[in-house]
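Next up, coords06.pdb (PDB, C-alpha atoms, pLDDT in the B column):
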```
ATOM      1  CA  MET A  37     -19.558  -0.852  13.586  1.00 94.00           C
ATOM      2  CA  LYS A  38     -17.625   1.092  10.975  1.00 98.00           C
ATOM      3  CA  ASP A  39     -17.580   4.887  10.783  1.00 98.00           C
ATOM      4  CA  ILE A  40     -19.131   6.394   7.668  1.00 98.00           C
ATOM      5  CA  ALA A  41     -19.711   9.954   6.449  1.00 98.00           C
ATOM      6  CA  VAL A  42     -21.391  11.573   3.465  1.00 98.00           C
ATOM      7  CA  PHE A  43     -19.747  14.201   1.270  1.00 98.00           C
ATOM      8  CA  GLY A  44     -22.498  16.603   0.279  1.00 98.00           C
ATOM      9  CA  ALA A  45     -24.831  18.028   2.927  1.00 97.00           C
ATOM     10  CA  GLY A  46     -27.663  19.055   0.629  1.00 95.00           C
ATOM     11  CA  GLY A  47     -30.960  17.306   0.068  1.00 96.00           C
ATOM     12  CA  PHE A  48     -29.471  14.275  -1.650  1.00 97.00           C
ATOM     13  CA  GLY A  49     -26.814  13.961   1.057  1.00 98.00           C
ATOM     14  CA  LYS A  50     -29.561  13.791   3.655  1.00 98.00           C
ATOM     15  CA  GLU A  51     -31.307  11.127   1.564  1.00 98.00           C
ATOM     16  CA  VAL A  52     -28.101   9.089   1.583  1.00 98.00           C
ATOM     17  CA  SER A  53     -27.884   9.439   5.372  1.00 98.00           C
ATOM     18  CA  CYS A  54     -31.399   7.972   5.488  1.00 98.00           C
ATOM     19  CA  LEU A  55     -30.263   5.183   3.149  1.00 98.00           C
ATOM     20  CA  ILE A  56     -27.483   4.346   5.626  1.00 98.00           C
ATOM     21  CA  ARG A  57     -30.070   4.176   8.399  1.00 98.00           C
ATOM     22  CA  LEU A  58     -32.224   1.797   6.315  1.00 97.00           C
ATOM     23  CA  ILE A  59     -29.211  -0.424   5.668  1.00 98.00           C
ATOM     24  CA  ASN A  60     -28.487  -0.514   9.405  1.00 98.00           C
ATOM     25  CA  GLU A  61     -32.070  -1.517  10.187  1.00 97.00           C
ATOM     26  CA  LYS A  62     -31.536  -4.712   8.217  1.00 95.00           C
ATOM     27  CA  ASN A  63     -27.869  -5.297   9.068  1.00 92.00           C
ATOM     28  CA  PRO A  64     -26.161  -2.940  11.558  1.00 96.00           C
ATOM     29  CA  VAL A  65     -22.896  -2.070   9.837  1.00 97.00           C
ATOM     30  CA  TRP A  66     -22.393   1.690   9.910  1.00 98.00           C
ATOM     31  CA  ASN A  67     -21.854   4.352  12.540  1.00 98.00           C
ATOM     32  CA  PHE A  68     -22.879   7.558  10.769  1.00 98.00           C
ATOM     33  CA  VAL A  69     -20.595  10.387  11.906  1.00 98.00           C
ATOM     34  CA  GLY A  70     -22.016  13.196   9.749  1.00 98.00           C
ATOM     35  CA  PHE A  71     -21.285  15.215   6.617  1.00 98.00           C
ATOM     36  CA  PHE A  72     -18.505  16.991   4.796  1.00 98.00           C
ATOM     37  CA  ASP A  73     -19.247  19.848   2.394  1.00 98.00           C
ATOM     38  CA  ASP A  74     -17.125  22.612   0.868  1.00 96.00           C
ATOM     39  CA  ASN A  75     -19.921  25.168   1.200  1.00 95.00           C
ATOM     40  CA  PRO A  76     -18.622  27.509   3.952  1.00 93.00           C
ATOM     41  CA  VAL A  77     -22.192  28.407   4.952  1.00 93.00           C
ATOM     42  CA  LEU A  78     -22.834  24.795   5.984  1.00 92.00           C
ATOM     43  CA  ARG A  79     -19.583  24.249   7.870  1.00 90.00           C
ATOM     44  CA  GLY A  80     -20.219  23.542  11.544  1.00 91.00           C
ATOM     45  CA  THR A  81     -23.996  23.367  11.169  1.00 94.00           C
ATOM     46  CA  LYS A  82     -26.038  20.519  12.604  1.00 95.00           C
ATOM     47  CA  ASP A  83     -29.588  19.269  12.170  1.00 94.00           C
ATOM     48  CA  GLU A  84     -31.557  16.079  12.760  1.00 96.00           C
ATOM     49  CA  TYR A  85     -29.604  14.326   9.985  1.00 96.00           C
ATOM     50  CA  GLY A  86     -26.123  15.070  11.275  1.00 96.00           C
ATOM     51  CA  GLU A  87     -23.281  17.548  11.678  1.00 97.00           C
ATOM     52  CA  VAL A  88     -21.181  19.106   8.913  1.00 98.00           C
ATOM     53  CA  HIS A  89     -17.574  18.630  10.053  1.00 97.00           C
ATOM     54  CA  GLY A  90     -16.030  20.780   7.346  1.00 96.00           C
ATOM     55  CA  GLY A  91     -14.938  20.418   3.746  1.00 97.00           C
ATOM     56  CA  MET A  92     -12.268  18.597   1.785  1.00 98.00           C
ATOM     57  CA  GLU A  93      -9.462  20.029   3.917  1.00 97.00           C
ATOM     58  CA  GLU A  94     -10.956  18.562   7.089  1.00 97.00           C
ATOM     59  CA  LEU A  95     -11.737  15.263   5.363  1.00 98.00           C
ATOM     60  CA  ASN A  96      -8.142  14.877   4.246  1.00 98.00           C
ATOM     61  CA  LYS A  97      -7.001  15.376   7.850  1.00 98.00           C
ATOM     62  CA  TRP A  98      -9.315  12.687   9.309  1.00 98.00           C
ATOM     63  CA  GLU A  99      -7.109  10.442  11.412  1.00 97.00           C
ATOM     64  CA  THR A 100      -9.054   7.158  11.594  1.00 98.00           C
ATOM     65  CA  PRO A 101     -10.546   4.805   8.971  1.00 98.00           C
ATOM     66  CA  LEU A 102     -13.663   6.364   7.480  1.00 98.00           C
ATOM     67  CA  ALA A 103     -16.020   5.089   4.798  1.00 98.00           C
ATOM     68  CA  LEU A 104     -17.277   7.856   2.534  1.00 98.00           C
ATOM     69  CA  ALA A 105     -20.359   8.123   0.322  1.00 98.00           C
ATOM     70  CA  ILE A 106     -20.273  10.998  -2.162  1.00 98.00           C
ATOM     71  CA  ALA A 107     -23.783  12.367  -2.611  1.00 98.00           C
ATOM     72  CA  ILE A 108     -23.315  14.763  -5.511  1.00 97.00           C
ATOM     73  CA  GLY A 109     -25.684  14.784  -8.486  1.00 97.00           C
ATOM     74  CA  ASN A 110     -23.314  16.375 -11.001  1.00 98.00           C
ATOM     75  CA  PRO A 111     -20.950  13.881 -12.702  1.00 98.00           C
ATOM     76  CA  VAL A 112     -18.164  16.421 -13.272  1.00 97.00           C
ATOM     77  CA  VAL A 113     -18.219  17.634  -9.681  1.00 98.00           C
ATOM     78  CA  LEU A 114     -18.498  14.056  -8.414  1.00 98.00           C
ATOM     79  CA  LYS A 115     -15.341  13.078 -10.287  1.00 98.00           C
ATOM     80  CA  LYS A 116     -13.465  16.149  -9.062  1.00 98.00           C
ATOM     81  CA  ILE A 117     -14.332  15.407  -5.427  1.00 98.00           C
ATOM     82  CA  VAL A 118     -13.104  11.824  -5.716  1.00 98.00           C
ATOM     83  CA  GLU A 119      -9.830  13.008  -7.254  1.00 98.00           C
ATOM     84  CA  ASN A 120      -9.310  15.493  -4.400  1.00 98.00           C
ATOM     85  CA  VAL A 121      -9.514  12.865  -1.654  1.00 98.00           C
ATOM     86  CA  THR A 122      -5.890  12.162  -0.729  1.00 98.00           C
ATOM     87  CA  ASN A 123      -6.347  10.762   2.778  1.00 98.00           C
ATOM     88  CA  THR A 124      -5.454   7.067   2.842  1.00 98.00           C
ATOM     89  CA  ASN A 125      -7.817   6.577   5.794  1.00 98.00           C
ATOM     90  CA  ILE A 126     -10.778   7.182   3.468  1.00 98.00           C
ATOM     91  CA  TYR A 127     -12.374   4.297   1.570  1.00 98.00           C
ATOM     92  CA  PHE A 128     -15.454   3.980  -0.598  1.00 98.00           C
ATOM     93  CA  PRO A 129     -17.987   1.188  -0.020  1.00 98.00           C
ATOM     94  CA  ASN A 130     -20.951   0.403  -2.230  1.00 98.00           C
ATOM     95  CA  LEU A 131     -24.204   1.416  -0.526  1.00 98.00           C
ATOM     96  CA  ILE A 132     -27.115  -0.702  -1.729  1.00 98.00           C
ATOM     97  CA  ALA A 133     -30.664  -0.113  -0.510  1.00 98.00           C
ATOM     98  CA  PRO A 134     -32.263  -3.164   1.142  1.00 97.00           C
ATOM     99  CA  THR A 135     -35.177  -2.872  -1.309  1.00 98.00           C
ATOM    100  CA  THR A 136     -32.903  -3.451  -4.317  1.00 98.00           C
ATOM    101  CA  VAL A 137     -33.959  -6.537  -6.292  1.00 98.00           C
ATOM    102  CA  PHE A 138     -31.319  -8.729  -7.952  1.00 98.00           C
ATOM    103  CA  LEU A 139     -32.266 -11.456 -10.415  1.00 98.00           C
ATOM    104  CA  ASP A 140     -28.802 -13.011 -10.045  1.00 98.00           C
ATOM    105  CA  GLU A 141     -26.679 -11.035  -7.605  1.00 97.00           C
ATOM    106  CA  LYS A 142     -23.700 -13.375  -7.908  1.00 97.00           C
ATOM    107  CA  SER A 143     -23.366 -12.527 -11.601  1.00 98.00           C
ATOM    108  CA  VAL A 144     -23.098  -8.760 -10.986  1.00 98.00           C
ATOM    109  CA  VAL A 145     -19.591  -7.235 -10.982  1.00 98.00           C
ATOM    110  CA  TRP A 146     -19.056  -4.113  -8.868  1.00 97.00           C
ATOM    111  CA  GLY A 147     -16.469  -1.402  -8.569  1.00 98.00           C
ATOM    112  CA  LYS A 148     -16.486   0.897  -5.533  1.00 98.00           C
ATOM    113  CA  GLY A 149     -18.295   3.963  -4.256  1.00 98.00           C
ATOM    114  CA  ASN A 150     -21.621   3.229  -5.931  1.00 98.00           C
ATOM    115  CA  ILE A 151     -24.905   4.372  -4.367  1.00 98.00           C
ATOM    116  CA  ILE A 152     -28.019   2.339  -5.175  1.00 98.00           C
ATOM    117  CA  CYS A 153     -31.123   4.019  -3.781  1.00 98.00           C
ATOM    118  CA  SER A 154     -34.490   2.427  -3.022  1.00 97.00           C
ATOM    119  CA  ASN A 155     -36.451   0.094  -5.295  1.00 97.00           C
ATOM    120  CA  CYS A 156     -33.939  -0.463  -8.081  1.00 98.00           C
ATOM    121  CA  LEU A 157     -33.910  -3.734 -10.027  1.00 98.00           C
ATOM    122  CA  ILE A 158     -30.621  -5.134 -11.285  1.00 98.00           C
ATOM    123  CA  SER A 159     -30.969  -8.047 -13.669  1.00 97.00           C
ATOM    124  CA  LEU A 160     -28.101 -10.411 -14.410  1.00 98.00           C
ATOM    125  CA  ARG A 161     -24.488 -10.193 -15.611  1.00 98.00           C
ATOM    126  CA  ALA A 162     -24.308  -6.441 -15.143  1.00 98.00           C
ATOM    127  CA  LYS A 163     -20.914  -4.759 -14.811  1.00 98.00           C
ATOM    128  CA  ILE A 164     -20.954  -1.556 -12.781  1.00 98.00           C
ATOM    129  CA  GLY A 165     -17.827   0.568 -12.384  1.00 98.00           C
ATOM    130  CA  ASN A 166     -17.011   3.176  -9.732  1.00 98.00           C
ATOM    131  CA  PHE A 167     -18.874   6.100  -8.153  1.00 98.00           C
ATOM    132  CA  ASN A 168     -22.173   5.721  -9.969  1.00 98.00           C
ATOM    133  CA  ILE A 169     -25.430   7.007  -8.469  1.00 98.00           C
ATOM    134  CA  PHE A 170     -28.699   5.190  -9.149  1.00 98.00           C
ATOM    135  CA  ASN A 171     -31.285   7.472  -7.609  1.00 97.00           C
ATOM    136  CA  GLY A 172     -34.216   5.113  -7.059  1.00 95.00           C
ATOM    137  CA  TYR A 173     -36.805   3.088  -9.014  1.00 98.00           C
ATOM    138  CA  ILE A 174     -34.363   2.195 -11.786  1.00 98.00           C
ATOM    139  CA  PRO A 175     -34.498  -1.126 -13.688  1.00 98.00           C
ATOM    140  CA  LEU A 176     -31.107  -2.133 -15.053  1.00 98.00           C
ATOM    141  CA  GLY A 177     -31.370  -4.793 -17.769  1.00 98.00           C
ATOM    142  CA  HIS A 178     -29.288  -7.904 -18.383  1.00 98.00           C
ATOM    143  CA  ASP A 179     -25.680  -7.640 -19.574  1.00 98.00           C
ATOM    144  CA  THR A 180     -25.473  -3.886 -19.055  1.00 98.00           C
ATOM    145  CA  VAL A 181     -22.040  -2.298 -18.718  1.00 98.00           C
ATOM    146  CA  ILE A 182     -21.776   0.953 -16.734  1.00 98.00           C
ATOM    147  CA  GLY A 183     -18.544   2.940 -16.475  1.00 98.00           C
ATOM    148  CA  ASP A 184     -17.635   5.501 -13.792  1.00 98.00           C
ATOM    149  CA  TYR A 185     -19.141   8.719 -12.389  1.00 98.00           C
ATOM    150  CA  ASN A 186     -22.582   8.350 -13.929  1.00 98.00           C
ATOM    151  CA  VAL A 187     -25.615   9.992 -12.313  1.00 98.00           C
ATOM    152  CA  VAL A 188     -28.879   8.186 -13.068  1.00 98.00           C
ATOM    153  CA  MET A 189     -31.944  10.033 -11.836  1.00 98.00           C
ATOM    154  CA  PRO A 190     -35.174   8.434 -10.528  1.00 98.00           C
ATOM    155  CA  SER A 191     -37.216   6.091 -12.740  1.00 98.00           C
ATOM    156  CA  VAL A 192     -34.706   5.893 -15.592  1.00 98.00           C
ATOM    157  CA  ASN A 193     -35.155   2.687 -17.625  1.00 98.00           C
ATOM    158  CA  ILE A 194     -31.922   1.103 -18.861  1.00 98.00           C
ATOM    159  CA  SER A 195     -32.648  -1.851 -21.124  1.00 98.00           C
ATOM    160  CA  GLY A 196     -30.641  -5.024 -21.611  1.00 98.00           C
ATOM    161  CA  GLY A 197     -27.239  -4.970 -23.264  1.00 98.00           C
ATOM    162  CA  VAL A 198     -26.783  -1.205 -22.911  1.00 98.00           C
ATOM    163  CA  GLN A 199     -23.238   0.162 -22.574  1.00 98.00           C
ATOM    164  CA  ILE A 200     -22.720   3.463 -20.758  1.00 98.00           C
ATOM    165  CA  GLY A 201     -19.331   5.167 -20.506  1.00 98.00           C
ATOM    166  CA  ASP A 202     -18.195   7.778 -17.972  1.00 98.00           C
ATOM    167  CA  CYS A 203     -19.529  11.039 -16.529  1.00 98.00           C
ATOM    168  CA  ASN A 204     -23.016  10.851 -18.015  1.00 98.00           C
ATOM    169  CA  PHE A 205     -26.246  12.317 -16.626  1.00 98.00           C
ATOM    170  CA  LEU A 206     -29.537  10.530 -17.306  1.00 98.00           C
ATOM    171  CA  GLY A 207     -32.546  12.688 -16.437  1.00 98.00           C
ATOM    172  CA  VAL A 208     -35.701  11.625 -14.612  1.00 98.00           C
ATOM    173  CA  GLN A 209     -37.740   8.925 -16.431  1.00 98.00           C
ATOM    174  CA  SER A 210     -35.463   8.858 -19.458  1.00 98.00           C
ATOM    175  CA  VAL A 211     -35.121   5.589 -21.395  1.00 98.00           C
ATOM    176  CA  VAL A 212     -32.156   3.910 -23.053  1.00 98.00           C
ATOM    177  CA  LEU A 213     -33.325   1.146 -25.388  1.00 98.00           C
ATOM    178  CA  GLN A 214     -31.665  -2.240 -25.643  1.00 98.00           C
ATOM    179  CA  TYR A 215     -28.082  -2.660 -26.867  1.00 98.00           C
ATOM    180  CA  LEU A 216     -27.434   1.049 -27.350  1.00 98.00           C
ATOM    181  CA  LYS A 217     -24.142   2.728 -26.476  1.00 98.00           C
ATOM    182  CA  ILE A 218     -23.979   5.942 -24.458  1.00 98.00           C
ATOM    183  CA  GLY A 219     -20.461   7.387 -24.558  1.00 97.00           C
ATOM    184  CA  ASN A 220     -18.891   9.947 -22.243  1.00 98.00           C
ATOM    185  CA  ASN A 221     -20.086  13.309 -20.896  1.00 97.00           C
ATOM    186  CA  VAL A 222     -23.558  12.821 -22.360  1.00 98.00           C
ATOM    187  CA  ARG A 223     -26.670  14.430 -20.894  1.00 98.00           C
ATOM    188  CA  ILE A 224     -30.099  12.939 -21.526  1.00 98.00           C
ATOM    189  CA  GLY A 225     -33.064  15.104 -20.633  1.00 98.00           C
ATOM    190  CA  ALA A 226     -36.007  14.075 -18.473  1.00 98.00           C
ATOM    191  CA  ASN A 227     -38.524  11.789 -20.250  1.00 98.00           C
ATOM    192  CA  SER A 228     -36.252  11.495 -23.289  1.00 98.00           C
ATOM    193  CA  VAL A 229     -36.017   8.181 -25.149  1.00 98.00           C
ATOM    194  CA  MET A 230     -32.666   7.169 -26.653  1.00 98.00           C
ATOM    195  CA  MET A 231     -33.236   5.128 -29.821  1.00 97.00           C
ATOM    196  CA  ARG A 232     -29.726   5.324 -31.268  1.00 97.00           C
ATOM    197  CA  ASN A 233     -26.148   5.521 -29.997  1.00 98.00           C
ATOM    198  CA  SER A 234     -25.017   8.840 -28.563  1.00 97.00           C
ATOM    199  CA  LYS A 235     -22.106  11.066 -29.462  1.00 96.00           C
ATOM    200  CA  ASP A 236     -19.794  12.237 -26.681  1.00 96.00           C
ATOM    201  CA  ASN A 237     -20.211  15.631 -25.013  1.00 96.00           C
ATOM    202  CA  CYS A 238     -23.773  16.112 -26.266  1.00 96.00           C
ATOM    203  CA  LEU A 239     -27.235  16.833 -24.863  1.00 98.00           C
ATOM    204  CA  TYR A 240     -30.192  14.716 -26.003  1.00 98.00           C
ATOM    205  CA  LEU A 241     -33.831  15.746 -25.610  1.00 98.00           C
ATOM    206  CA  GLY A 242     -37.210  14.415 -26.685  1.00 97.00           C
ATOM    207  CA  ASN A 243     -38.953  11.225 -27.810  1.00 97.00           C
ATOM    208  CA  PRO A 244     -37.179  10.084 -29.838  1.00 97.00           C
ATOM    209  CA  ALA A 245     -34.204  11.887 -28.306  1.00 97.00           C
ATOM    210  CA  LYS A 246     -32.347  14.197 -30.649  1.00 96.00           C
ATOM    211  CA  LYS A 247     -28.945  15.804 -30.271  1.00 95.00           C
ATOM    212  CA  THR A 248     -29.367  19.401 -29.120  1.00 89.00           C
ATOM    213  CA  SER A 249     -26.926  22.273 -28.924  1.00 65.00           C
ATOM    214  CA  ILE A 250     -25.866  22.982 -25.338  1.00 58.00           C
TER     215      ILE A 250
END
```
Do you think you could lay out the structure here as structure tokens?
Amino acid sequence: MKDIAVFGAGGFGKEVSCLIRLINEKNPVWNFVGFFDDNPVLRGTKDEYGEVHGGMEELNKWETPLALAIAIGNPVVLKKIVENVTNTNIYFPNLIAPTTVFLDEKSVVWGKGNIICSNCLISLRAKIGNFNIFNGYIPLGHDTVIGDYNVVMPSVNISGGVQIGDCNFLGVQSVVLQYLKIGNNVRIGANSVMMRNSKDNCLYLGNPAKKTSI
């Protein structure tokens, strides 16, 4: 089995440790060694989900091959953590929940470091970049293109033909209608419905979603 750790020892990090356990129940692949987190209060702590070995400094000193899942729900912080990993022993697998449904898995193109939580549905001919988080119960329509460092919260509905850039945050139960384009550094509020293309670096709220001052 291959060693794996989670960066981020908060609630979502513990959920990802449970996701690793679920993956192992179907196909034993991973030996979970614990967490890394830069919060000094958590360093050296241990609970039923695992031990916190330290922060980025300790991770970059790890001396053996180690898979790493980054369980951080903020796109900007997620990107920064990835950029700070300099240890060549660290690599980033895609973690896909066993309950994920694919309509045509062979047609899906993946990057690395993606986390797909329980009960997502991925249609066909999707292109998914690097370090995206799909946090459960998310349908992803046909021919969607997803960039890097996007955080998609539970029950978001992404329709067919949608294009999403980098470092976006899609709130719980938000909707992106078919063939729309979401750019970069966009935030979409919970339950909001995108009916037109977004502008970069903006917050959208409501149904229909409207650009709102941050």
Padding 4 Å on every side, please: axis-aligned box over the listed atoms of stretch 163-179 of chain A, centre and edge lengths to one decimal in Å, as JSON.
```
{"center_x": -26.9, "center_y": -0.2, "center_z": -13.3, "size_x": 27.8, "size_y": 23.4, "size_z": 20.5}
```
Nearby residues (only C-alpha atoms) at most 12 Å from A:Tyr127, same-chain spacing under 4 positions excluded, as a compact mmCIF listing (two decimals) with C-alpha atoms, in the coordinates of the input:
```
# COMPACT_ATOMS: atom_id res chain seq x y z
CA LYS A 38 -17.62 1.09 10.98
CA ASP A 39 -17.58 4.89 10.78
CA ILE A 40 -19.13 6.39 7.67
CA ALA A 41 -19.71 9.95 6.45
CA VAL A 42 -21.39 11.57 3.46
CA LEU A 95 -11.74 15.26 5.36
CA ASN A 96 -8.14 14.88 4.25
CA TRP A 98 -9.32 12.69 9.31
CA THR A 100 -9.05 7.16 11.59
CA PRO A 101 -10.55 4.80 8.97
CA LEU A 102 -13.66 6.36 7.48
CA ALA A 103 -16.02 5.09 4.80
CA LEU A 104 -17.28 7.86 2.53
CA ALA A 105 -20.36 8.12 0.32
CA ILE A 106 -20.27 11.00 -2.16
CA VAL A 118 -13.10 11.82 -5.72
CA VAL A 121 -9.51 12.86 -1.65
CA THR A 122 -5.89 12.16 -0.73
CA ASN A 123 -6.35 10.76 2.78
CA LYS A 148 -16.49 0.90 -5.53
CA GLY A 149 -18.30 3.96 -4.26
CA ASN A 150 -21.62 3.23 -5.93
CA PHE A 167 -18.87 6.10 -8.15
```
**Prompt:** Which residue, A:Lys235, A:Lys247, A:His89, A:Lys163, has the smallest gap to A:Asn220 when you use only C-alpha atoms?
**Reply:** A:Lys235
**Prompt:** Which of these, A:Lys82, A:Arg57, A:Arg161, A:His178, has the shortest distance to A:Pro134 once you count all atoms listed in the file?
**Reply:** A:Arg57
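For the file at hand, the PyMOL selection byres ((chain A and resi 162) around 6) resolves to Val144, Leu160, Arg161, Lys163, Asp179, Thr180 and Val181 of chain A.
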**Prompt:** Excluding same-chain residues fewer than 4 positions from A:Leu176, what lies within 7 Å of it counting all atoms listed in the file, as a list in words?
**Reply:** Leu157, Ile158, Ser159, Asn193, Ile194 and Ser195 of chain A
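Between A:Gly165 and the candidates A:Ser191, A:Val137, A:Pro64, A:Asn130, the tightest atom-to-atom separation, counting all atoms listed in the file, involves A:Asn130.
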Non-local contacts of stretch 226-231 of chain A (8 Å; only C-alpha atoms; under 6 positions in same chain excluded) as a PDB file with C-alpha atoms, keeping the file's coordinate frame:
```pdb
ATOM      1  CA  LEU A 206     -29.537  10.530 -17.306  1.00 98.00           C
ATOM      2  CA  GLY A 207     -32.546  12.688 -16.437  1.00 98.00           C
ATOM      3  CA  VAL A 208     -35.701  11.625 -14.612  1.00 98.00           C
ATOM      4  CA  GLN A 209     -37.740   8.925 -16.431  1.00 98.00           C
ATOM      5  CA  SER A 210     -35.463   8.858 -19.458  1.00 98.00           C
ATOM      6  CA  VAL A 211     -35.121   5.589 -21.395  1.00 98.00           C
ATOM      7  CA  VAL A 212     -32.156   3.910 -23.053  1.00 98.00           C
ATOM      8  CA  LEU A 213     -33.325   1.146 -25.388  1.00 98.00           C
ATOM      9  CA  LEU A 216     -27.434   1.049 -27.350  1.00 98.00           C
ATOM     10  CA  TYR A 240     -30.192  14.716 -26.003  1.00 98.00           C
ATOM     11  CA  LEU A 241     -33.831  15.746 -25.610  1.00 98.00           C
ATOM     12  CA  GLY A 242     -37.210  14.415 -26.685  1.00 97.00           C
ATOM     13  CA  ASN A 243     -38.953  11.225 -27.810  1.00 97.00           C
ATOM     14  CA  PRO A 244     -37.179  10.084 -29.838  1.00 97.00           C
ATOM     15  CA  ALA A 245     -34.204  11.887 -28.306  1.00 97.00           C
TER      16      ALA A 245
END
```
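Distances here use all atoms listed in the file; by that measure, the residue among A:Val52, A:Gly44, A:Ser143, A:Thr136 closest to A:Ile117 is A:Gly44.
Considering the residues A:Asn63, A:Thr81, A:Asn204, A:Gln199 and counting only C-alpha atoms, A:Val113 has its shortest atom-to-atom contact with A:Asn204.
Between atom CA of A:Ile59 and atom CA of A:Asn186 the separation is 22.5 Å.
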**Complete:** atom CA of A:Leu131 to atom CA of A:Glu119 measures 19.7 Å
**Prompt:** Which residues fall under the PyMOL selection byres ((chain A and resi 172) around 10) in this file, as a PyMOL selection string?
**Reply:** chain A and resi 133+135-136+151-157+169-171+173-175+188-192
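Nearest-residue note for A:Lys115: choosing from A:Glu87, A:Asp73, A:Asp236, A:Asp202, the minimum distance belongs to A:Asp202, counting only C-alpha atoms.
Every protein, DNA or RNA residue with an atom at most 7 Å from stretch 109-112 of chain A, where all atoms listed in the file count and chain neighbours fewer than 2 positions away do not, is listed here: Ala107, Leu114, Lys115, Lys116, Tyr185, Asn186, Val187, Cys203, Asn204 and Phe205 of chain A.
Protein and nucleic acid residues near (-25.2, 13.3, -22.8) are Asn204, Asn221, Val222, Arg223, Ile224, Asn237, Cys238 and Leu239 of chain A, the criterion being any atom at most 6 Å away using only C-alpha atoms.
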**Request:** Just say which residues the PyMOL selection byres ((chain A and resi 86) around 9) picks in this file, as a ChimeraX atom specification.
**Result:** /A:45,50,53,68-71,81-85,87-88
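Interatomic distance, atom CA of A:Asn168 to atom CA of A:Phe48: 14.0 Å.
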